[in-house]
>>> print(open('my_file26.pdb').read())   # PDB, C-alpha atoms and all ligand atoms
ATOM      1  CA  GLY L   1     104.344 -55.013 -89.035
ATOM      2  CA  SER L   2     101.443 -52.801 -87.962
ATOM      3  CA  GLY L   3     100.026 -50.703 -85.130
ATOM      4  CA  LEU L   4     102.172 -50.212 -82.055
ATOM      5  CA  GLY L   5     104.852 -52.622 -83.305
ATOM      6  CA  LEU L   6     105.320 -50.614 -86.486
ATOM      7  CA  ALA L   7     105.498 -47.351 -84.504
ATOM      8  CA  MET L   8     108.180 -48.821 -82.244
ATOM      9  CA  ALA L   9     110.156 -50.155 -85.216
ATOM     10  CA  ARG L  10     110.072 -46.700 -86.801
ATOM     11  CA  ARG L  11     111.283 -44.998 -83.615
ATOM     12  CA  PHE L  12     114.049 -47.541 -82.975
ATOM     13  CA  LEU L  13     115.285 -47.175 -86.564
ATOM     14  CA  SER L  14     115.305 -43.386 -86.243
ATOM     15  CA  LEU L  15     117.571 -43.796 -83.222
ATOM     16  CA  GLY L  16     120.023 -45.953 -85.160
ATOM     17  CA  ALA L  17     118.933 -49.428 -84.130
ATOM     18  CA  ARG L  18     118.969 -52.355 -86.490
ATOM     19  CA  VAL L  19     115.527 -53.871 -86.318
ATOM     20  CA  VAL L  20     113.849 -57.195 -87.073
ATOM     21  CA  ILE L  21     110.078 -57.160 -87.395
ATOM     22  CA  ALA L  22     108.115 -60.384 -87.127
ATOM     23  CA  GLY L  23     104.467 -61.216 -87.677
ATOM     24  CA  ARG L  24     102.269 -63.851 -89.238
ATOM     25  CA  SER L  25     101.590 -62.115 -92.537
ATOM     26  CA  PRO L  26     104.534 -61.827 -94.976
ATOM     27  CA  GLU L  27     102.518 -59.320 -97.025
ATOM     28  CA  ARG L  28     102.025 -57.031 -94.063
ATOM     29  CA  LEU L  29     105.724 -57.235 -93.191
ATOM     30  CA  GLU L  30     106.698 -56.343 -96.746
ATOM     31  CA  GLU L  31     104.304 -53.415 -96.705
ATOM     32  CA  ALA L  32     105.828 -52.243 -93.416
ATOM     33  CA  ALA L  33     109.341 -52.615 -94.843
ATOM     34  CA  ARG L  34     108.388 -50.458 -97.822
ATOM     35  CA  GLU L  35     106.943 -47.851 -95.495
ATOM     36  CA  LEU L  36     109.947 -47.862 -93.138
ATOM     37  CA  ASP L  37     112.374 -47.694 -96.044
ATOM     38  CA  ALA L  38     115.341 -48.532 -93.802
ATOM     39  CA  GLY L  39     117.504 -50.537 -96.204
ATOM     40  CA  ASP L  40     119.927 -52.957 -94.539
ATOM     41  CA  ALA L  41     118.973 -51.798 -91.045
ATOM     42  CA  LEU L  42     115.692 -53.720 -91.275
ATOM     43  CA  LEU L  43     114.983 -57.426 -91.555
ATOM     44  CA  THR L  44     111.503 -58.907 -91.853
ATOM     45  CA  HIS L  45     110.840 -62.461 -90.766
ATOM     46  CA  PRO L  46     107.377 -64.051 -90.989
ATOM     47  CA  THR L  47     106.763 -65.768 -87.664
ATOM     48  CA  ASP L  48     103.845 -67.197 -85.711
ATOM     49  CA  VAL L  49     104.915 -66.722 -82.096
ATOM     50  CA  ARG L  50     102.661 -69.617 -81.054
ATOM     51  CA  ASP L  51     105.180 -72.005 -82.633
ATOM     52  CA  TYR L  52     108.483 -72.310 -80.753
ATOM     53  CA  GLY L  53     110.289 -73.653 -83.816
ATOM     54  CA  GLN L  54     109.381 -70.504 -85.744
ATOM     55  CA  VAL L  55     110.512 -68.280 -82.872
ATOM     56  CA  GLU L  56     113.878 -70.076 -82.729
ATOM     57  CA  ALA L  57     114.232 -69.600 -86.490
ATOM     58  CA  LEU L  58     113.500 -65.868 -86.035
ATOM     59  CA  VAL L  59     116.274 -65.553 -83.468
ATOM     60  CA  ARG L  60     118.679 -67.542 -85.690
ATOM     61  CA  ALA L  61     117.882 -65.292 -88.669
ATOM     62  CA  THR L  62     118.543 -62.238 -86.486
ATOM     63  CA  VAL L  63     121.918 -63.573 -85.393
ATOM     64  CA  ASP L  64     122.850 -64.462 -88.980
ATOM     65  CA  ARG L  65     122.037 -60.959 -90.151
ATOM     66  CA  PHE L  66     123.029 -58.742 -87.234
ATOM     67  CA  GLY L  67     125.264 -60.928 -85.035
ATOM     68  CA  GLY L  68     123.067 -60.990 -81.930
ATOM     69  CA  VAL L  69     120.051 -59.678 -80.084
ATOM     70  CA  ASP L  70     120.387 -56.751 -77.644
ATOM     71  CA  ILE L  71     116.706 -55.892 -77.283
ATOM     72  CA  LEU L  72     113.524 -57.943 -77.478
ATOM     73  CA  VAL L  73     110.064 -56.359 -77.610
ATOM     74  CA  ASN L  74     107.158 -58.734 -77.070
ATOM     75  CA  ASN L  75     104.288 -56.907 -78.725
ATOM     76  CA  ALA L  76     102.402 -59.660 -80.574
ATOM     77  CA  ALA L  77      98.896 -60.035 -79.159
ATOM     78  CA  GLY L  78      95.477 -61.423 -79.917
ATOM     79  CA  ASN L  79      92.139 -60.274 -78.583
ATOM     80  CA  PHE L  80      88.417 -60.056 -79.243
ATOM     81  CA  LEU L  81      85.312 -59.090 -77.307
ATOM     82  CA  ALA L  82      83.296 -62.080 -76.153
ATOM     83  CA  ALA L  83      81.018 -63.071 -73.315
ATOM     84  CA  THR L  84      83.084 -65.653 -71.452
ATOM     85  CA  GLU L  85      80.301 -68.246 -71.391
ATOM     86  CA  ASP L  86      80.273 -68.114 -75.210
ATOM     87  CA  LEU L  87      84.020 -68.783 -75.593
ATOM     88  CA  SER L  88      85.209 -72.099 -76.956
ATOM     89  CA  PRO L  89      88.287 -73.750 -75.430
ATOM     90  CA  ASN L  90      90.076 -73.034 -78.696
ATOM     91  CA  GLY L  91      89.089 -69.359 -78.569
ATOM     92  CA  PHE L  92      90.740 -69.105 -75.146
ATOM     93  CA  HIS L  93      93.732 -71.017 -76.455
ATOM     94  CA  ALA L  94      94.205 -68.790 -79.532
ATOM     95  CA  ILE L  95      94.687 -65.734 -77.299
ATOM     96  CA  VAL L  96      96.709 -67.295 -74.501
ATOM     97  CA  ALA L  97      98.994 -69.090 -76.972
ATOM     98  CA  THR L  98      99.819 -65.781 -78.654
ATOM     99  CA  VAL L  99     100.110 -63.516 -75.636
ATOM    100  CA  LEU L 100     101.487 -65.733 -72.872
ATOM    101  CA  TYR L 101     103.179 -68.590 -74.728
ATOM    102  CA  GLY L 102     104.382 -66.299 -77.531
ATOM    103  CA  THR L 103     106.005 -63.956 -75.036
ATOM    104  CA  PHE L 104     107.579 -66.865 -73.191
ATOM    105  CA  TYR L 105     108.870 -68.497 -76.374
ATOM    106  CA  ALA L 106     110.526 -65.299 -77.604
ATOM    107  CA  THR L 107     111.873 -64.529 -74.147
ATOM    108  CA  LEU L 108     113.371 -68.012 -73.870
ATOM    109  CA  ALA L 109     114.957 -68.038 -77.319
ATOM    110  CA  ALA L 110     116.322 -64.464 -77.190
ATOM    111  CA  GLY L 111     117.059 -64.609 -73.456
ATOM    112  CA  ARG L 112     119.374 -67.616 -73.817
ATOM    113  CA  LEU L 113     121.330 -65.664 -76.384
ATOM    114  CA  MET L 114     121.438 -62.560 -74.185
ATOM    115  CA  ILE L 115     122.759 -64.668 -71.316
ATOM    116  CA  GLU L 116     125.544 -65.998 -73.544
ATOM    117  CA  ARG L 117     126.376 -62.480 -74.754
ATOM    118  CA  GLY L 118     126.373 -60.922 -71.274
ATOM    119  CA  GLY L 119     123.212 -58.812 -71.225
ATOM    120  CA  GLY L 120     120.185 -57.366 -72.917
ATOM    121  CA  SER L 121     116.867 -55.663 -72.474
ATOM    122  CA  ILE L 122     113.382 -57.161 -72.766
ATOM    123  CA  LEU L 123     110.174 -55.150 -73.021
ATOM    124  CA  ASN L 124     106.693 -56.661 -72.772
ATOM    125  CA  ILE L 125     103.651 -54.759 -74.019
ATOM    126  CA  LEU L 126     100.737 -55.369 -71.650
ATOM    127  CA  THR L 127      97.558 -53.391 -71.004
ATOM    128  CA  THR L 128      96.202 -51.701 -67.888
ATOM    129  CA  TYR L 129      93.714 -54.504 -67.293
ATOM    130  CA  ALA L 130      96.642 -56.851 -66.614
ATOM    131  CA  TRP L 131      96.162 -55.922 -62.961
ATOM    132  CA  THR L 132      92.463 -54.990 -62.776
ATOM    133  CA  GLY L 133      91.176 -57.730 -65.072
ATOM    134  CA  SER L 134      88.423 -56.828 -67.513
ATOM    135  CA  ALA L 135      85.001 -58.136 -68.401
ATOM    136  CA  PHE L 136      84.578 -59.516 -71.947
ATOM    137  CA  VAL L 137      88.296 -60.035 -72.616
ATOM    138  CA  VAL L 138      89.026 -62.790 -70.092
ATOM    139  CA  PRO L 139      91.607 -64.738 -72.167
ATOM    140  CA  SER L 140      93.571 -61.550 -72.872
ATOM    141  CA  ALA L 141      93.350 -60.333 -69.263
ATOM    142  CA  ALA L 142      94.514 -63.698 -67.918
ATOM    143  CA  ALA L 143      97.371 -63.912 -70.415
ATOM    144  CA  LYS L 144      98.537 -60.322 -69.873
ATOM    145  CA  ALA L 145      98.482 -60.845 -66.099
ATOM    146  CA  GLY L 146     100.701 -63.865 -66.696
ATOM    147  CA  VAL L 147     103.115 -61.752 -68.719
ATOM    148  CA  LEU L 148     103.212 -59.165 -65.921
ATOM    149  CA  ALA L 149     104.182 -61.937 -63.477
ATOM    150  CA  MET L 150     106.790 -63.163 -65.948
ATOM    151  CA  THR L 151     108.190 -59.624 -66.264
ATOM    152  CA  ARG L 152     108.630 -59.257 -62.522
ATOM    153  CA  SER L 153     109.927 -62.787 -62.002
ATOM    154  CA  LEU L 154     112.570 -62.596 -64.714
ATOM    155  CA  ALA L 155     113.621 -59.072 -63.757
ATOM    156  CA  VAL L 156     114.914 -60.621 -60.547
ATOM    157  CA  GLU L 157     116.079 -63.958 -61.915
ATOM    158  CA  TRP L 158     118.007 -62.575 -64.907
ATOM    159  CA  ALA L 159     119.390 -59.385 -63.342
ATOM    160  CA  ALA L 160     122.555 -61.326 -62.553
ATOM    161  CA  TYR L 161     123.015 -61.850 -66.318
ATOM    162  CA  GLY L 162     122.750 -58.123 -67.034
ATOM    163  CA  ILE L 163     119.277 -58.504 -68.522
ATOM    164  CA  ARG L 164     116.595 -55.945 -67.669
ATOM    165  CA  VAL L 165     112.950 -56.955 -68.085
ATOM    166  CA  ASN L 166     110.313 -54.217 -68.133
ATOM    167  CA  ALA L 167     106.779 -53.672 -69.374
ATOM    168  CA  ILE L 168     104.466 -50.990 -70.672
ATOM    169  CA  ALA L 169     100.754 -50.990 -69.851
ATOM    170  CA  PRO L 170      98.952 -48.993 -72.536
ATOM    171  CA  GLY L 171      95.362 -47.878 -72.267
ATOM    172  CA  PRO L 172      93.414 -47.700 -75.522
ATOM    173  CA  PHE L 173      95.450 -46.759 -78.599
ATOM    174  CA  PRO L 174      93.513 -46.693 -81.855
ATOM    175  CA  THR L 175      95.224 -49.222 -84.118
ATOM    176  CA  GLU L 176      93.534 -51.256 -86.818
ATOM    177  CA  GLY L 177      94.260 -54.584 -85.072
ATOM    178  CA  ALA L 178      92.779 -53.545 -81.744
ATOM    179  CA  TRP L 179      89.975 -51.296 -82.979
ATOM    180  CA  SER L 180      88.527 -53.780 -85.460
ATOM    181  CA  ARG L 181      88.148 -56.288 -82.625
ATOM    182  CA  LEU L 182      87.466 -54.116 -79.593
ATOM    183  CA  MET L 183      85.577 -50.977 -80.678
ATOM    184  CA  PRO L 184      82.430 -52.168 -82.454
ATOM    185  CA  THR L 185      80.602 -48.809 -82.765
ATOM    186  CA  ALA L 186      81.270 -45.061 -82.742
ATOM    187  CA  GLU L 187      79.123 -44.754 -79.600
ATOM    188  CA  LEU L 188      81.205 -47.297 -77.684
ATOM    189  CA  GLU L 189      84.369 -45.591 -78.892
ATOM    190  CA  ALA L 190      83.089 -42.221 -77.616
ATOM    191  CA  GLU L 191      82.219 -43.873 -74.298
ATOM    192  CA  ALA L 192      85.748 -45.297 -74.031
ATOM    193  CA  ARG L 193      87.247 -41.887 -74.808
ATOM    194  CA  ALA L 194      85.086 -40.205 -72.187
ATOM    195  CA  ARG L 195      86.621 -42.460 -69.525
ATOM    196  CA  ILE L 196      90.087 -41.041 -70.164
ATOM    197  CA  PRO L 197      90.822 -37.978 -67.999
ATOM    198  CA  MET L 198      93.014 -36.474 -70.731
ATOM    199  CA  GLY L 199      90.034 -36.689 -73.091
ATOM    200  CA  ARG L 200      91.761 -38.524 -75.917
ATOM    201  CA  PHE L 201      93.247 -41.864 -76.916
ATOM    202  CA  GLY L 202      96.970 -42.527 -77.019
ATOM    203  CA  ARG L 203      99.103 -41.951 -80.094
ATOM    204  CA  PRO L 204     101.374 -44.808 -81.203
ATOM    205  CA  GLU L 205     104.403 -42.442 -81.361
ATOM    206  CA  GLU L 206     103.908 -41.660 -77.663
ATOM    207  CA  LEU L 207     104.183 -45.322 -76.776
ATOM    208  CA  ALA L 208     107.158 -45.696 -79.108
ATOM    209  CA  ASP L 209     109.032 -42.925 -77.278
ATOM    210  CA  LEU L 210     108.440 -44.631 -73.926
ATOM    211  CA  ALA L 211     109.527 -47.984 -75.350
ATOM    212  CA  ALA L 212     112.713 -46.464 -76.761
ATOM    213  CA  PHE L 213     113.554 -44.976 -73.378
ATOM    214  CA  LEU L 214     112.902 -48.170 -71.398
ATOM    215  CA  VAL L 215     114.975 -50.462 -73.615
ATOM    216  CA  SER L 216     117.839 -47.997 -74.008
ATOM    217  CA  ASP L 217     120.991 -47.207 -72.065
ATOM    218  CA  ALA L 218     119.145 -44.151 -70.734
ATOM    219  CA  ALA L 219     117.322 -46.456 -68.305
ATOM    220  CA  PRO L 220     120.065 -48.755 -66.991
ATOM    221  CA  PHE L 221     118.627 -49.129 -63.474
ATOM    222  CA  ILE L 222     114.955 -49.576 -64.373
ATOM    223  CA  ASN L 223     114.202 -53.262 -63.998
ATOM    224  CA  GLY L 224     110.958 -55.129 -63.317
ATOM    225  CA  GLU L 225     108.886 -51.994 -63.800
ATOM    226  CA  CYS L 226     105.594 -51.670 -65.648
ATOM    227  CA  VAL L 227     104.985 -48.131 -66.877
ATOM    228  CA  THR L 228     101.390 -47.116 -67.539
ATOM    229  CA  ILE L 229     100.606 -44.937 -70.557
ATOM    230  CA  ASP L 230      96.870 -44.265 -70.557
ATOM    231  CA  GLY L 231      96.187 -40.573 -69.874
ATOM    232  CA  GLY L 232      95.173 -41.475 -66.308
ATOM    233  CA  ALA L 233      92.373 -43.815 -67.408
ATOM    234  CA  TRP L 234      92.840 -46.788 -65.131
ATOM    235  CA  LEU L 235      93.194 -44.698 -61.991
ATOM    236  CA  ALA L 236      89.989 -42.873 -62.891
ATOM    237  CA  SER L 237      88.175 -46.178 -63.292
ATOM    238  CA  GLY L 238      88.676 -46.966 -59.595
ATOM    239  CA  GLY L 239      88.137 -43.556 -57.988
ATOM    240  CA  THR L 240      84.738 -43.266 -56.315
ATOM    241  CA  PHE L 241      84.277 -39.671 -57.513
ATOM    242  CA  ALA L 242      86.297 -39.945 -60.707
ATOM    243  CA  HIS L 243      83.160 -39.762 -62.870
ATOM    244  CA  LEU L 244      82.718 -36.150 -61.759
ATOM    245  CA  VAL L 245      85.534 -35.051 -64.081
ATOM    246  CA  ARG L 246      83.118 -35.614 -66.986
ATOM    247  CA  HIS L 247      80.853 -32.807 -65.733
ATOM    248  CA  ASP L 248      81.280 -29.125 -66.478
ATOM    249  CA  ARG L 249      83.996 -27.913 -64.101
ATOM    250  CA  LYS L 250      82.429 -24.527 -63.387
ATOM    251  CA  GLU L 251      79.067 -26.077 -62.504
ATOM    252  CA  LEU L 252      80.810 -28.627 -60.319
ATOM    253  CA  LYS L 253      82.648 -25.918 -58.405
ATOM    254  CA  GLU L 254      79.383 -24.046 -57.873
ATOM    255  CA  LEU L 255      77.865 -27.243 -56.527
ATOM    256  CA  PHE L 256      80.804 -27.780 -54.156
ATOM    257  CA  ALA L 257      80.504 -24.173 -52.955
ATOM    258  CA  LYS L 258      76.770 -24.648 -52.324
ATOM    259  CA  MET L 259      77.447 -27.810 -50.311
ATOM    260  CA  ARG L 260      79.962 -25.864 -48.240
ATOM    261  CA  GLY L 261      77.381 -23.176 -47.667
ATOM    262  CA  ARG L 262      79.085 -20.389 -49.675
TER     263      ARG L 262
HETATM  264  C1  LIG U   1      84.522 -65.664 -80.100
HETATM  265  C2  LIG U   1      86.285 -66.227 -81.483
HETATM  266  C3  LIG U   1      86.275 -64.919 -82.031
HETATM  267  C4  LIG U   1      85.301 -63.986 -81.547
HETATM  268  C5  LIG U   1      87.851 -66.056 -82.978
HETATM  269  N1  LIG U   1      87.270 -66.871 -82.086
HETATM  270  N2  LIG U   1      87.269 -64.855 -82.963
HETATM  271  N3  LIG U   1      85.420 -66.596 -80.530
HETATM  272  N4  LIG U   1      84.463 -64.403 -80.567
HETATM  273  N5  LIG U   1      85.243 -62.735 -81.998
HETATM  274  C6  LIG U   1      87.617 -68.285 -81.863
HETATM  275  C7  LIG U   1      87.373 -69.114 -83.098
HETATM  276  O1  LIG U   1      86.033 -69.505 -83.222
HETATM  277  C8  LIG U   1      88.300 -70.303 -82.862
HETATM  278  O2  LIG U   1      87.745 -71.227 -81.948
HETATM  279  C9  LIG U   1      89.467 -69.669 -82.143
HETATM  280  O3  LIG U   1      89.002 -68.423 -81.607
HETATM  281  C10 LIG U   1      90.622 -69.384 -83.060
HETATM  282  O4  LIG U   1      90.150 -68.609 -84.146
HETATM  283  P1  LIG U   1      90.933 -68.458 -85.509
HETATM  284  O5  LIG U   1      90.265 -67.427 -86.325
HETATM  285  O6  LIG U   1      91.188 -69.805 -86.112
HETATM  286  O7  LIG U   1      92.329 -67.990 -84.967
HETATM  287  P2  LIG U   1      93.438 -67.175 -85.625
HETATM  288  O8  LIG U   1      93.266 -67.092 -87.114
HETATM  289  O9  LIG U   1      94.696 -67.703 -85.116
HETATM  290  O10 LIG U   1      93.163 -65.681 -85.076
HETATM  291  C11 LIG U   1      93.527 -65.302 -83.796
HETATM  292  C12 LIG U   1      92.603 -64.237 -83.230
HETATM  293  C13 LIG U   1      92.487 -63.022 -84.188
HETATM  294  C14 LIG U   1      93.174 -63.788 -81.888
HETATM  295  C15 LIG U   1      91.225 -64.826 -83.038
HETATM  296  O11 LIG U   1      91.640 -62.051 -83.629
HETATM  297  C16 LIG U   1      93.815 -62.397 -84.480
HETATM  298  O12 LIG U   1      94.528 -62.837 -85.392
HETATM  299  N6  LIG U   1      94.238 -61.360 -83.730
HETATM  300  C17 LIG U   1      95.566 -60.734 -83.852
HETATM  301  C18 LIG U   1      95.545 -59.250 -83.720
HETATM  302  C19 LIG U   1      94.797 -58.760 -82.519
HETATM  303  O13 LIG U   1      93.937 -59.395 -81.971
HETATM  304  N7  LIG U   1      95.101 -57.533 -82.123
HETATM  305  C20 LIG U   1      94.427 -56.866 -81.010
HETATM  306  C21 LIG U   1      95.315 -56.830 -79.869
HETATM  307  S1  LIG U   1      94.769 -55.633 -78.715
HETATM  308  P3  LIG U   1      86.977 -72.588 -82.473
HETATM  309  O14 LIG U   1      86.550 -73.240 -81.208
HETATM  310  O15 LIG U   1      85.834 -72.112 -83.317
HETATM  311  O16 LIG U   1      87.999 -73.353 -83.237
HETATM  312  C22 LIG U   1      95.277 -56.163 -77.211
HETATM  313  C23 LIG U   1      95.228 -55.212 -76.048
HETATM  314  C24 LIG U   1      94.025 -54.399 -76.009
HETATM  315  O17 LIG U   1      95.660 -57.229 -77.023
HETATM  316  C25 LIG U   1      94.017 -53.344 -74.937
HETATM  317  C26 LIG U   1      92.891 -52.376 -75.119
HETATM  318  C27 LIG U   1      92.844 -51.334 -74.078
END
>>> encode(input="my_file26.pdb", output="structure tokens")
Amino acid sequence: GSGLGLAMARRFLSLGARVVIAGRSPERLEEAARELDAGDALLTHPTDVRDYGQVEALVRATVDRFGGVDILVNNAAGNFLAATEDLSPNGFHAIVATVLYGTFYATLAAGRLMIERGGGSILNILTTYAWTGSAFVVPSAAAKAGVLAMTRSLAVEWAAYGIRVNAIAPGPFPTEGAWSRLMPTAELEAEARARIPMGRFGRPEELADLAAFLVSDAAPFINGECVTIDGGAWLASGGTFAHLVRHDRKELKELFAKMRGR
């Protein structure tokens, strides 16, 4: 109903898909429905993905309305910045239950249906720290790494059923949900932006275009892949000399020339 999920819903609708959007807040879903203005092509269904019964009800409602499920996007997430030693067991649980269990629950409920119907496409929204890990977001990093493993495992296991399972690893995209929890000050936001070689954050429509491609018939042989969309940020974080890109390029080149003796 918001952020990247809303951007994907908008793109899928523009391409002729019939879309169900789910989230915990009925008000937010209604607001999104008004904004999308898609008539009968859109169904909203309040759902907490941490509750398997609610996820099953979501899939049932989808079948009742549209006759089946061809595509599942697991985008629901939870996150906050915290020093790990200050986390409570329930704080860890709140994130892992949403990200890892929520993705599994939806994958199980929709996947069983896809198996019956002879195929489908599943897309999991991760983050680039699924493979590097990240300080101060340990529950999210652990859960997203689990979803990456699930993506790769099921891509192999369910290929025989005609189901493709892929993922997208976004870098930072400014959305209200993420920013209110992960970007406490303008200074820290500027610092995060400076780490991105392309010099800017992602735009939700850019992720939506990638998502539309991966779930569609335009990508029939892409299976088990995780596509990064981060302006080169995570690669720069590991390169020993990557920080040099933040310096003036002309001055850098002069420095290199001096070192070479020219
Ligand atoms: C420490 C916290 C905390 C915080 C909550 N908790 N916020 N602990 N620091 N900032 C603890 C609580 O004290 C409680 O534990 C437990 O977590 C559950 O809190 P509730 O508020 O009861 O949970 P709930 O209402 O279910 O809210 C879930 C939530 C919230 C995850 C905490 O932030 C949320 O609803 N988030 C959904 C949207 C979201 O996070 N979007 C960002 C996704 S960005 P105790 O022990 O006190 O009971 C993303 C990728 C980012 O995932 C990639 C960036 C590059």
>>> atom_distance(input="my_file26.pdb", atom1="atom CA of L:Leu210", atom2="atom CA of L:Ala135")
27.6 Å
>>> atom_distance(input="my_file26.pdb", atom1="atom CA of L:Glu31", atom2="atom CA of L:Thr175")
16.1 Å
>>> closest_residue(input="my_file26.pdb", among="L:Gly3, L:Gly162, L:Gly133, L:Gly171", to="ligand LIG 1 (chain U)", atoms="all atoms listed in the file")
L:Gly171
>>> atom_distance(input="my_file26.pdb", atom1="atom CA of L:Ile71", atom2="atom CA of L:Asp217")
11.0 Å
>>> residues_near_ligand(input="my_file26.pdb", ligand="ligand LIG 1 (chain U)", cutoff="7 Å", atoms="all atoms listed in the file", output="PyMOL selection string")
chain L and resi 77-82+86-92+94-95+127+140+170-173+177-178+181
>>> build_atoms(input="my_file26.pdb", residues="stretch 217-231 of chain L", atoms="N, CA, C and O atoms", output="mmCIF file, in the coordinates of the input")
data_model
loop_
_atom_site.group_PDB
_atom_site.id
_atom_site.type_symbol
_atom_site.label_atom_id
_atom_site.label_comp_id
_atom_site.auth_asym_id
_atom_site.auth_seq_id
_atom_site.Cartn_x
_atom_site.Cartn_y
_atom_site.Cartn_z
ATOM 1 N N ASP L 217 119.992 -47.443 -73.105
ATOM 2 C CA ASP L 217 120.991 -47.207 -72.065
ATOM 3 C C ASP L 217 120.646 -45.997 -71.203
ATOM 4 O O ASP L 217 121.333 -45.706 -70.240
ATOM 5 N N ALA L 218 119.583 -45.281 -71.563
ATOM 6 C CA ALA L 218 119.145 -44.151 -70.734
ATOM 7 C C ALA L 218 118.401 -44.633 -69.488
ATOM 8 O O ALA L 218 118.113 -43.838 -68.593
ATOM 9 N N ALA L 219 118.092 -45.926 -69.435
ATOM 10 C CA ALA L 219 117.322 -46.456 -68.305
ATOM 11 C C ALA L 219 118.014 -47.677 -67.693
ATOM 12 O O ALA L 219 117.384 -48.711 -67.477
ATOM 13 N N PRO L 220 119.304 -47.573 -67.359
ATOM 14 C CA PRO L 220 120.065 -48.755 -66.991
ATOM 15 C C PRO L 220 119.669 -49.391 -65.654
ATOM 16 O O PRO L 220 119.986 -50.548 -65.405
ATOM 17 N N PHE L 221 118.953 -48.617 -64.816
ATOM 18 C CA PHE L 221 118.627 -49.129 -63.474
ATOM 19 C C PHE L 221 117.136 -49.415 -63.326
ATOM 20 O O PHE L 221 116.655 -49.721 -62.249
ATOM 21 N N ILE L 222 116.394 -49.269 -64.415
ATOM 22 C CA ILE L 222 114.955 -49.576 -64.373
ATOM 23 C C ILE L 222 114.788 -51.041 -64.733
ATOM 24 O O ILE L 222 115.109 -51.466 -65.849
ATOM 25 N N ASN L 223 114.314 -51.820 -63.804
ATOM 26 C CA ASN L 223 114.202 -53.262 -63.998
ATOM 27 C C ASN L 223 112.989 -53.798 -63.254
ATOM 28 O O ASN L 223 112.811 -53.518 -62.067
ATOM 29 N N GLY L 224 112.135 -54.533 -63.952
ATOM 30 C CA GLY L 224 110.958 -55.129 -63.317
ATOM 31 C C GLY L 224 109.805 -54.152 -63.203
ATOM 32 O O GLY L 224 108.828 -54.399 -62.503
ATOM 33 N N GLU L 225 109.909 -53.031 -63.909
ATOM 34 C CA GLU L 225 108.886 -51.994 -63.800
ATOM 35 C C GLU L 225 107.857 -52.127 -64.921
ATOM 36 O O GLU L 225 108.190 -52.549 -66.030
ATOM 37 N N CYS L 226 106.626 -51.754 -64.616
ATOM 38 C CA CYS L 226 105.594 -51.670 -65.648
ATOM 39 C C CYS L 226 105.105 -50.231 -65.681
ATOM 40 O O CYS L 226 104.550 -49.740 -64.692
ATOM 41 N N VAL L 227 105.356 -49.544 -66.769
ATOM 42 C CA VAL L 227 104.985 -48.131 -66.877
ATOM 43 C C VAL L 227 103.639 -48.012 -67.598
ATOM 44 O O VAL L 227 103.467 -48.530 -68.706
ATOM 45 N N THR L 228 102.716 -47.335 -66.960
ATOM 46 C CA THR L 228 101.390 -47.116 -67.539
ATOM 47 C C THR L 228 101.414 -45.931 -68.496
ATOM 48 O O THR L 228 102.031 -44.918 -68.204
ATOM 49 N N ILE L 229 100.745 -46.081 -69.630
ATOM 50 C CA ILE L 229 100.606 -44.937 -70.557
ATOM 51 C C ILE L 229 99.154 -44.937 -71.039
ATOM 52 O O ILE L 229 98.791 -45.631 -71.986
ATOM 53 N N ASP L 230 98.316 -44.197 -70.298
ATOM 54 C CA ASP L 230 96.870 -44.265 -70.557
ATOM 55 C C ASP L 230 96.136 -42.965 -70.264
ATOM 56 O O ASP L 230 94.897 -42.969 -70.126
ATOM 57 N N GLY L 231 96.862 -41.848 -70.135
ATOM 58 C CA GLY L 231 96.187 -40.573 -69.874
ATOM 59 C C GLY L 231 95.438 -40.544 -68.551
ATOM 60 O O GLY L 231 94.527 -39.745 -68.363
#
